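Enquirer: PDB, C-alpha atoms, pLDDT in the B column, saved as upload_19.pdb, coming up:
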```pdb
MODEL        1
ATOM      1  CA  ALA N   1       4.168  -5.556  16.495  1.00 95.00           C
ATOM      2  CA  PHE N   2       2.536  -2.124  16.477  1.00 96.00           C
ATOM      3  CA  THR N   3      -1.027  -3.489  16.738  1.00 97.00           C
ATOM      4  CA  PRO N   4      -2.682  -6.919  16.883  1.00 96.00           C
ATOM      5  CA  HIS N   5      -2.967  -6.685  13.063  1.00 97.00           C
ATOM      6  CA  THR N   6       0.756  -6.219  12.429  1.00 97.00           C
ATOM      7  CA  ILE N   7       2.260  -9.055  10.407  1.00 97.00           C
ATOM      8  CA  THR N   8       4.937 -10.719  12.508  1.00 96.00           C
ATOM      9  CA  ASP N   9       5.106 -14.142  10.846  1.00 97.00           C
ATOM     10  CA  GLY N  10       7.759 -14.556   8.148  1.00 97.00           C
ATOM     11  CA  ALA N  11       5.672 -16.799   5.894  1.00 98.00           C
ATOM     12  CA  THR N  12       2.717 -14.415   6.044  1.00 97.00           C
ATOM     13  CA  LEU N  13       4.999 -11.481   5.245  1.00 97.00           C
ATOM     14  CA  LEU N  14       6.392 -13.308   2.209  1.00 97.00           C
ATOM     15  CA  GLN N  15       2.839 -13.973   0.996  1.00 97.00           C
ATOM     16  CA  ARG N  16       2.031 -10.276   1.408  1.00 96.00           C
ATOM     17  CA  LEU N  17       5.145  -9.297  -0.553  1.00 96.00           C
ATOM     18  CA  GLN N  18       4.058 -11.549  -3.409  1.00 97.00           C
ATOM     19  CA  LEU N  19       0.708  -9.732  -3.529  1.00 97.00           C
ATOM     20  CA  VAL N  20       2.433  -6.340  -3.437  1.00 96.00           C
ATOM     21  CA  ARG N  21       4.687  -7.312  -6.337  1.00 95.00           C
ATOM     22  CA  ARG N  22       1.704  -8.610  -8.297  1.00 97.00           C
ATOM     23  CA  ASP N  23      -0.597  -5.658  -7.608  1.00 98.00           C
ATOM     24  CA  GLY N  24       1.916  -2.796  -7.558  1.00 97.00           C
ATOM     25  CA  TYR N  25       0.595  -1.332  -4.296  1.00 98.00           C
ATOM     26  CA  ALA N  26       0.441  -2.299  -0.626  1.00 98.00           C
ATOM     27  CA  TRP N  27      -2.378  -1.974   1.876  1.00 97.00           C
ATOM     28  CA  ALA N  28      -1.808  -1.806   5.623  1.00 97.00           C
ATOM     29  CA  LEU N  29      -5.081  -2.428   7.430  1.00 96.00           C
ATOM     30  CA  GLU N  30      -4.643  -1.248  11.011  1.00 97.00           C
ATOM     31  CA  GLU N  31      -1.138  -2.748  10.997  1.00 97.00           C
ATOM     32  CA  PHE N  32       0.769   0.330  12.184  1.00 96.00           C
ATOM     33  CA  ALA N  33      -1.895   2.150  14.197  1.00 97.00           C
ATOM     34  CA  ALA N  34      -5.322   1.138  15.458  1.00 96.00           C
ATOM     35  CA  GLU N  35      -8.165   2.497  13.351  1.00 97.00           C
ATOM     36  CA  LEU N  36      -5.825   3.636  10.555  1.00 98.00           C
ATOM     37  CA  ASN N  37      -5.642   2.114   7.069  1.00 98.00           C
ATOM     38  CA  SER N  38      -3.176   3.066   4.375  1.00 98.00           C
ATOM     39  CA  VAL N  39      -2.157   2.208   0.839  1.00 98.00           C
ATOM     40  CA  ALA N  40       1.118   2.982  -0.912  1.00 98.00           C
ATOM     41  CA  ALA N  41       2.647   2.566  -4.351  1.00 98.00           C
ATOM     42  CA  PRO N  42       6.287   2.913  -5.395  1.00 97.00           C
ATOM     43  CA  LEU N  43       7.816   5.932  -7.096  1.00 97.00           C
ATOM     44  CA  ARG N  44      10.453   4.839  -9.579  1.00 95.00           C
ATOM     45  CA  THR N  45      13.295   6.459 -11.460  1.00 94.00           C
ATOM     46  CA  ALA N  46      13.412   6.270 -15.260  1.00 91.00           C
ATOM     47  CA  ASP N  47      15.485   3.091 -14.987  1.00 92.00           C
ATOM     48  CA  GLY N  48      12.955   1.437 -12.663  1.00 92.00           C
ATOM     49  CA  ARG N  49      14.618   1.857  -9.265  1.00 94.00           C
ATOM     50  CA  VAL N  50      12.208   2.420  -6.382  1.00 95.00           C
ATOM     51  CA  VAL N  51      13.285   5.557  -4.520  1.00 96.00           C
ATOM     52  CA  ALA N  52      10.147   6.666  -2.672  1.00 97.00           C
ATOM     53  CA  ALA N  53       6.457   5.899  -2.236  1.00 97.00           C
ATOM     54  CA  LEU N  54       3.154   7.646  -2.651  1.00 98.00           C
ATOM     55  CA  HIS N  55       1.226   6.957   0.544  1.00 97.00           C
ATOM     56  CA  VAL N  56      -2.427   7.671   1.335  1.00 97.00           C
ATOM     57  CA  TYR N  57      -4.082   6.958   4.671  1.00 97.00           C
ATOM     58  CA  GLY N  58      -7.303   7.486   6.520  1.00 97.00           C
ATOM     59  CA  PRO N  59      -9.489   6.269   9.360  1.00 98.00           C
ATOM     60  CA  ALA N  60     -10.381   2.602   9.067  1.00 96.00           C
ATOM     61  CA  SER N  61     -14.065   3.461   9.478  1.00 96.00           C
ATOM     62  CA  ARG N  62     -13.998   5.454   6.206  1.00 96.00           C
ATOM     63  CA  PHE N  63     -10.996   4.301   4.211  1.00 97.00           C
ATOM     64  CA  PRO N  64     -11.135   2.845   1.620  1.00 95.00           C
ATOM     65  CA  GLY N  65     -14.789   3.873   1.855  1.00 93.00           C
ATOM     66  CA  LYS N  66     -17.389   2.989  -0.752  1.00 93.00           C
ATOM     67  CA  ARG N  67     -14.790   2.008  -3.336  1.00 93.00           C
ATOM     68  CA  SER N  68     -13.133  -1.362  -3.041  1.00 95.00           C
ATOM     69  CA  ALA N  69      -9.610  -1.614  -1.670  1.00 95.00           C
ATOM     70  CA  LYS N  70      -8.550  -2.825  -5.122  1.00 96.00           C
ATOM     71  CA  ALA N  71     -10.054   0.247  -6.815  1.00 97.00           C
ATOM     72  CA  VAL N  72      -8.360   2.649  -4.400  1.00 97.00           C
ATOM     73  CA  GLY N  73      -5.072   0.755  -4.711  1.00 98.00           C
ATOM     74  CA  GLU N  74      -5.248   1.032  -8.499  1.00 98.00           C
ATOM     75  CA  LEU N  75      -5.888   4.791  -8.238  1.00 98.00           C
ATOM     76  CA  VAL N  76      -2.853   5.251  -5.995  1.00 98.00           C
ATOM     77  CA  LYS N  77      -0.723   3.124  -8.321  1.00 98.00           C
ATOM     78  CA  ALA N  78      -1.867   5.144 -11.359  1.00 98.00           C
ATOM     79  CA  ALA N  79      -1.032   8.402  -9.585  1.00 98.00           C
ATOM     80  CA  ALA N  80       2.402   7.079  -8.604  1.00 97.00           C
ATOM     81  CA  LEU N  81       3.131   6.123 -12.214  1.00 95.00           C
ATOM     82  CA  LYS N  82       2.555   9.744 -13.258  1.00 95.00           C
ATOM     83  CA  ILE N  83       5.225  11.067 -10.873  1.00 95.00           C
ATOM     84  CA  ARG N  84       8.630  11.167 -12.508  1.00 84.00           C
ATOM     85  CA  ILE N  85      11.723  10.881 -10.334  1.00 88.00           C
ATOM     86  CA  ASP N  86      14.913  11.767 -12.207  1.00 82.00           C
TER      87      ASP N  86
ENDMDL
END
```
As structure tokens - that is how I would like this structure written.
Expert:
Amino acid sequence: AFTPHTITDGATLLQRLQLVRRDGYAWALEEFAAELNSVAAPLRTADGRVVAALHVYGPASRFPGKRSAKAVGELVKAAALKIRID
């Protein structure tokens, strides 16, 4: 575990993966570093393979900020969909 918020339980991780698959983006709330939140969405090739990620992060005190985590996640996902990897 990197922080006390890091997911270390297999069942909890599987639940998180289900949410990521459903939503199309993943939040990490102080899971890798204290006071740091991040959200990422996959970058895919034309045939749908995930080859990279678009990742945005910021201080937990201000990120995601006034917008909801869902709204910011959707913005990151929309931006990732515009990036073509060929």
Enquirer: Suppose you want the space between atom CA of Val76 of chain N and atom CA of Ser38 of chain N; what is it in Å?
Expert: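 Computing it gives 10.6 Å between the two atoms.
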Enquirer: Measure the distance from atom CA of Leu13 of chain N to atom CA of Leu29 of chain N in Å and round it to one decimal.
Expert: 13.7 Å
Enquirer: Which polymer residues have any atom within 9 Å of an atom of Pro4 of chain N, counting only C-alpha atoms, with same-chain residues fewer than 5 positions away left out, as a PDB file with C-alpha atoms, in the frame of the given file?
Expert:
```
ATOM      1  CA  GLU N  30      -4.643  -1.248  11.011  1.00 97.00           C
ATOM      2  CA  GLU N  31      -1.138  -2.748  10.997  1.00 97.00           C
ATOM      3  CA  ALA N  34      -5.322   1.138  15.458  1.00 96.00           C
TER       4      ALA N  34
END
```
Enquirer: Counting only C-alpha atoms, which of N:Ala1, N:Ile7, N:Arg21, N:Ile85 gets nearest to Ala46 of chain N?
Expert: N:Ile85
Enquirer: For atom CA of Ala78 of chain N and atom CA of Asn37 of chain N, quote the distance in Å rounded to one decimal.
Expert: 19.1 Å
Enquirer: Show me, as JSON, the centre and edge lengths in Å to one decimal of the axis-aligned box that covers every listed atom of segment 8-15 of chain N with 8 Å on each side.
Expert:
```
{"center_x": 5.2, "center_y": -13.8, "center_z": 6.8, "size_x": 21.0, "size_y": 22.1, "size_z": 27.5}
```
Enquirer: Run the PyMOL selection byres ((chain N and resi 80-82) around 12) against the file shown and list the residues it catches, as a ChimeraX atom specification.
Expert: /N:24-25,39-46,48,50-56,73-79,83-85
Enquirer: Taking all atoms listed in the file into account, name the residue in N:Lys70, N:Gln15, N:Pro64, N:Arg49 that is nearest to Leu36 of chain N.
Expert: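 Under the stated criterion, the closest residue is N:Pro64.
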Enquirer: Which residue, N:Leu19, N:Ala71, N:Leu14, N:Ala28, has the smallest gap to Pro59 of chain N when you use all atoms listed in the file?
Expert: N:Ala28
Enquirer: With distances taken over all atoms listed in the file, which residue among N:Glu35, N:Asp86, N:Trp27, N:Thr3 lies nearest Ser68 of chain N?
Expert: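 Residue with the minimum atom-to-atom distance to Ser68 of chain N: N:Trp27.
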Enquirer: Measuring between only C-alpha atoms, which one of N:His5, N:Val72, N:Ala60, N:Ala11 shows the shortest distance to Ala26 of chain N?
Expert: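 Using only C-alpha atoms, Ala26 of chain N sits closest to N:Val72.
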